[in-house]
Structures are given as C-alpha cells and as structure tokens.
Amino acid sequence: PPMSSDQPPTELRRSSVWEWLVILAVSLLIVWAIFSSTPLQSANDRSRWCTVWSLVERGTYQIDEIDAVPQWSTIDKVRHRESDTDPWHFYSSKPPMLSTLVAGLYWLQKATFGFDLVRQTETTTRWLLLFVNGLPMMFALIVFQRSLLMLTESVRTRVFLLACLGVGSMLTPYLTTLNNHTPAAVSLIFCLATMVAVSRRDSFEGSMAGFPAFCIGLTAALTCCFELPAALFGIFSFLFVVRHTVLRTGPADWKGLLTYLVGAAIPLGFFFVTNWICTGGLKPFYAYYGTEKYVYVHEGIPSYWSNPQGLDANTESTATYFFHCVLGHHGLLSMTPIYLLTLIGWCMGLRQNRNTFPVVGSVITVVVLAFYLSRTQNYNYGGNSAALRWMLWIIPFWIYGMLPAVEKLLHRSWGIATAMVLLGASGYSSMYSLHDPWKPGWVYQKMEQAGWIDYRTRIPDFQPPRYSVISTVPAEADVSVMWTEDFTGRRLVLTTEAARTQDGETLLPVRMSLDQQSSSDSSSTQQTLETRLLIRREVFLKGADVAEWLRLEADDGSLAVASETLIRFFRGLPAARTYASASPRYLSYTRTNGEKSAVRCDRGAARVLFVERTAGRCWQRCDVMYCDELPFGVARWGISITREDSGKVLHQERWTCRTLP
C-alpha cells in the first residue's frame, strides 16, 4: 500500500461513522447469509464435514461410514491404506488441518449444547460456520479498517475499500460453506495489516517488538497452510521480517526474528502433524491426483476421477482457459471488474520506490495463475463454483492495491460514478452467488444460455430408440429374472420359453407373474397375475413402441393385442415416449457369498402429462437403469406421479432386480 512521510500521524485520524456502518452492514449480511444457506452444498465441503464427523464420532480420519450416507457422500475422497495387508479406507482428499480445527469446535459444541452434526445438520453447521468463517471475517474487516487509517486520510476511500472487501469481492459467498479459501484470505488480511503497521514505524522497535513479528509469522504460516500455493507469500513475509530485524542492530531486532519463527512454527507444525497422522506421510492427499489413490475400482464401482464429467473433463487449450480465467465465465475482471482499479493502483504504486506491496501482489497473482494454467490435466476452473476459488486468498492484496487509484478517482464526480458502477457490477456477482457459491456464476450461466459454452458431457441417444423399461429379451428358453417393488414388496417374474416362428416372424414367449397387491396388506388376499406374453422380436429390435411388439395369444392361436394395462406397465408411462439417455450410474448389491459388487447401468428417463381421474393434470415420470449384463436389460426402474399445479407426489414405485449376476 502507498505510504508517504508527509502524511499526518495515524493517531490524529479518527474513524468515521460511515466506516462503522459499512462494517456493521457487512457483518449483518454475513450472519444472515450463513444462517439462511443450505448446508452440505457440494462434494467439496461435504468432504471436510465428513472428516469433522468422523474425528468426533469415531476418532478417525477415515470417512467410510459417513460417506456411505447418500446426502453426505462426496467425490472429493481418496482410497488409501498404509500397507498391502491393511484394508482400504476412504479419506477426504483435503488437507486435514482445517477439518481438525473445526472438529475441535464441533466437539465443544456437542459437549456444551448437544448439537449433532447428522441429526441437526443445519443448526450445527451454521453455528460452526459462524465461528470458523463469520466472526473471523468481521474482525478482519475491523483490522483492515484500522490499517486504512494509517494509509489514507480520505473517508471516501476507506468506506469504498471496505465495501469492496465486504460485498464487492467473491469472498462473501464462500463464507456460507466450509472451505480453505476464506480462512486463508482472513489470515492474509491480518498479516498485511500488521505489515502496514510495521512499515509505518519502519522497524519492530518498542516494548511490543516481538508481538507484530509473532503475528506476521503466525498469520503468514496460516495462509500457507490453508493455501499451499501461498508458500511464495510465506517467503516474502520472512524477507519482510528479516529486512526489519536482521538488517538492523539491537537485541530487539533479533527478538523480532525469533518470535516470527515461533509464530510460523505453530501452524506449520500443526499442519504437518495432522497430515502425518492422516496420511502416514508429509504429502497431502491431493498431491496424489491422478494416481491410484484417486483412480480405483471399489466394490465394483470406479471412482468419479476414473471418468470425470462436465467441467472436470474439460480439455480446452491453455489460451482459452486463460481467457475464461481473466475475462470469460470465471473471469477475475468479468465477474469483479472492480479489480481494474487494482491494475491501475499497482502501476501507480510502483512509482514509489519504498513500496514493495504492488510488486509482491502482482508477482504472487501472476505466479499462482501461471501455476494453475500449468496443470493441464485439471482445467476445471475449481469445479462447479462461482469463482476462481483458488485465487480468492489473494483478494486482500488486490483490495490494498487499488488504494492509490481509488483516492484519485473519488476526487472527481465522474470518478465516483465510475467507481460505483464497478462496485455495483462486482457486488452483483457476489450477491448472485451468496447462498450457493458451489454453482456457476451469472456470467457462466448467461454464456451457456447463449450457446457460447457447453461443458456438459455428451451422452449418445439410445440406438435404436427405447420406449420400454426393458431393453432386451433373451432368445434362450428357461431364463428367469425377478424384480421386487421396494416400497410394497410386490414381485415380478419373467421367464422365457423357446422361440418360435409364426407368419414369417420370430415370436419370443415370456411367462409373466406379477403380484397385483402389496404383500404387506394383511386385510386382503394376495393376488398374482399369471399370463403368457408374446414379443415380436424383429419389431422389438427396431425400437418400436410397446403397443407394436407386445402381444397375447388368443384361444385360436392367433395374436391378440395386449391390454392397455400391460402396455402401460412395460412402457412405465401412460403414453408412448422415447427415453432420453443420461450419464451412467452403478447399482450396488451383495452377492450370495456376501461380497459387495455393482453393475454398470445406462440411465434413461421420460415423462408424460396426463389427466388423472381425481387429481386432474399430472406428470408421470419413469427413470430406468438399463443394464446389458441382465437378461431383460433392466436393473431398476422407478415411477413417480406428481400433480402439475402443486408438484405434490401422488404415487411412487421402484422395481429392483433381485437376480443380479
């Protein structure tokens, strides 16, 4: 930040009521955002919450148990074992330090108030986020404001920069979720503010000589532990302290360097100790990206990272990736144009020989961006997120860097208008993603709607088209498959008979046994429909509608049209619709020998609007998991009927194959 010797002493400056109003407004916004946001927003924060739960409830970093719960499951995990004789376990791919700190708070919260992370997820996570993200950010705003008093007399400038940090940056949305980026940015604010105070005195002199050095060491190391690419800033902080201690004379100067090292050793030691306990080594798990820890097959199911989808499968060129990082859908300047003032401020600050902050801020920005541009195997913009989240920790440098430009700009009426437009545009991006930073921002969505970008993984349409919940019919005789309805226990059994030829076409006879009533209904007698179906093989293979290939045998041996009830049952819908294809999924099951396995399924879905006799206009949707490994080609299908006007669910059923391989 710019500093000059002709500025009035800091103690003569007073905070204005406008600065405190901004701090208060931003603080209220933070509290409201945290307590109104949905918990477990993404695989990223679920990964950390799983570790928090496992540490407190099971005393381990292994997350197998909690990850098996559907709403807690995460793709941000690794499979690890310490030796070839040990069993495999899942761990969060995130460095364990932050999760360990939060686990300590959760243990205290549970012991004091009895909050449970699983049973009271919203209440528990929101209070923890208030202490982990909210309160530190509020204190950081106050510390930032105090440092601005040392840098500028302009109340307008201080108010504007506070607003930029509080609502004009993408830090605020991430305060609603458990992540490493906001703690890193908060640590950096405390560190830079302390450096500003030291720079004003140009030394560590005085009775409190060791305290600023300790703070710089502690917060700089915290920043590095939360964001490993911040190691470059750690080097700068060390050189900063050396400049103000070793290069000067006197015992107090040496005391300052020693206390810096003590402060830095605390978080660094905690980082490496927790990582060693968790991983058995010094390298964090995410340093193994692309190895067998990420790419594996567990109980028949390949990991997500064996075949990433969407943005995670992006193969853009480096030039295109760079464009979208700066000016495109995740662009630092397109999402938050307020940083245009940072570029101008850096240029102005470089003219002052005694000021190294613009140099450091610009170098760190370029190096970190270049680092991620070099990771060509993972061009995913930080995944489905609202910003380049791995650049968020540098935001304090950018806010400090724009100070000289803002001072010049706010002295002119057109400059005030320009600054407010830039702040308004940046604030819109921040507020748009306030409650869910784990989805693309508004620029991304507008570009996608315009057809300029499309990162969706393309799933080919079914060929031939599919109109039925079954996709194949065995030609062999005596092939039997059973499905059960998961909610009522009803059974469906299909058994093939020997194929025959009639009138020049191949007919595939199938015996069908279908329970018509729930076996759990003790007040009525179980009824079973026994019928013999005839499937016109050639018509079926062309991908025709069920009504065209499903037949019954009449008493005289001729083919009769199947009833509408049977046709509707095998369609899964009240009218003919082709099933749209979707990304594959795996259906887990347990073999007869107790071994867990899974089958790969191609998903299909279709829906029809129809008029129900009592409920009126309703949607019937059918979701199918087709599986080529099964005789009739279907592992599971589910039907739901909902009212068109209210979306109320009127009926659900789900049929699951019980004769898996």
# chains A, B, ... in the order shown; residues from 1 in each chain; ligands from 1
>>> residues_around(residues="Thr656 (chain A)", least_positions_apart="2", cutoff="7 Å", atoms="only C-alpha atoms", output="MDAnalysis selection string")
chainID A and resid 483:486 635:637 654 658
>>> select_by_dssp(residues="region 181-323 of chain A", states="helix (DSSP H, G or I)", output="PyMOL selection string")
chain A and resi 181-201+210-226+228-244+251-279+285-288+304-306+310-313+318-323
>>> residues_around(residues="Glu629 (chain A)", least_positions_apart="3", cutoff="10 Å", atoms="only C-alpha atoms", output="NGL selection string")
:A and (599-601 or 626 or 632-635 or 660-661)
>>> closest_atom_pairs(of="region 315-428 of chain A", to="region 187-193 of chain A", cutoff="8 Å", atoms="only C-alpha atoms", output="CSV")
residue,atom,partner,partner_atom,distance
A:Trp393,CA,A:Leu188,CA,7.4
A:Ile394,CA,A:Leu188,CA,7.9
A:Pro396,CA,A:Ile189,CA,5.9
>>> residues_around(residues="Met195 (chain A)", least_positions_apart="2", cutoff="12 Å", atoms="only C-alpha atoms", output="number ranges by chain")
A: 1, 143-144, 147, 150-151, 188-193, 197-204, 211-217, 219-220, 236-241, 243-244, 355-357
>>> closest_atom_pairs(of="region 259-287 of chain A", to="region 77-97 of chain A", cutoff="10 Å", atoms="only C-alpha atoms", output="tab-separated table")
residue	atom	partner	partner_atom	distance
A:Pro267	CA	A:Met97	CA	8.9
A:Leu268	CA	A:Met97	CA	9.8
A:Phe270	CA	A:Met97	CA	7.0
A:Phe271	CA	A:Met97	CA	5.4
A:Phe272	CA	A:Met97	CA	8.4
A:Val273	CA	A:Met97	CA	8.8
A:Thr274	CA	A:Met97	CA	6.0
A:Asn275	CA	A:Pro96	CA	6.0
A:Trp276	CA	A:Pro96	CA	9.5
A:Ile277	CA	A:Pro96	CA	9.2
A:Cys278	CA	A:Pro96	CA	7.1
A:Thr279	CA	A:Glu82	CA	8.1
A:Gly280	CA	A:Glu82	CA	7.0
A:Gly281	CA	A:Glu82	CA	9.8
A:Lys283	CA	A:Pro95	CA	9.1
A:Pro284	CA	A:Pro95	CA	5.6
A:Phe285	CA	A:Ser93	CA	5.2
A:Tyr286	CA	A:Ser93	CA	5.3
A:Ala287	CA	A:Ser93	CA	8.9
>>> closest_residue(among="A:Leu101, A:Leu333, A:Leu550, A:Leu508", to="Arg48 (chain A)", atoms="only C-alpha atoms")
A:Leu101
>>> closest_atom_pairs(of="region 378-480 of chain A", to="region 13-34 of chain A", cutoff="12 Å", atoms="only C-alpha atoms", output="Markdown table")
| residue | atom | partner | partner_atom | distance |
| --- | --- | --- | --- | --- |
| A:Gly427 | CA | A:Val26 | CA | 11.9 |
| A:Ser430 | CA | A:Ala33 | CA | 11.6 |
| A:Met431 | CA | A:Ala33 | CA | 9.8 |
| A:Tyr432 | CA | A:Ala33 | CA | 11.8 |
| A:Ser433 | CA | A:Ala33 | CA | 10.5 |
| A:Leu434 | CA | A:Ala33 | CA | 6.8 |
| A:His435 | CA | A:Ala33 | CA | 6.4 |
| A:Asp436 | CA | A:Ala33 | CA | 9.8 |
| A:Pro437 | CA | A:Ala33 | CA | 11.4 |
>>> residues_around(residues="Pro70 (chain A)", least_positions_apart="5", cutoff="12 Å", atoms="only C-alpha atoms", output="list of chain:residue names")
A:Leu40, A:Ala43, A:Arg46, A:Cys50, A:Asp64, A:Glu65, A:Ile75
>>> write_last_selection(atoms="N, CA and C atoms", output="compact mmCIF listing (two decimals), in the first residue's frame")
# COMPACT_ATOMS: atom_id res chain seq x y z
N LEU A 40 -24.06 -28.49 3.55
CA LEU A 40 -23.56 -29.57 2.68
C LEU A 40 -23.81 -29.23 1.22
N ALA A 43 -19.75 -31.42 -3.00
CA ALA A 43 -18.83 -32.51 -2.64
C ALA A 43 -17.61 -31.96 -1.94
N ARG A 46 -18.66 -31.14 1.73
CA ARG A 46 -19.05 -32.40 2.37
C ARG A 46 -17.82 -33.23 2.72
N CYS A 50 -17.36 -34.55 6.42
CA CYS A 50 -17.23 -35.98 6.72
C CYS A 50 -16.07 -36.23 7.67
N ASP A 64 -15.29 -43.69 5.77
CA ASP A 64 -16.09 -44.74 5.12
C ASP A 64 -17.55 -44.72 5.58
N GLU A 65 -17.76 -44.65 6.89
CA GLU A 65 -19.11 -44.78 7.44
C GLU A 65 -20.01 -43.62 7.03
N ILE A 75 -17.34 -36.93 -3.80
CA ILE A 75 -16.37 -37.42 -4.78
C ILE A 75 -14.97 -36.94 -4.44
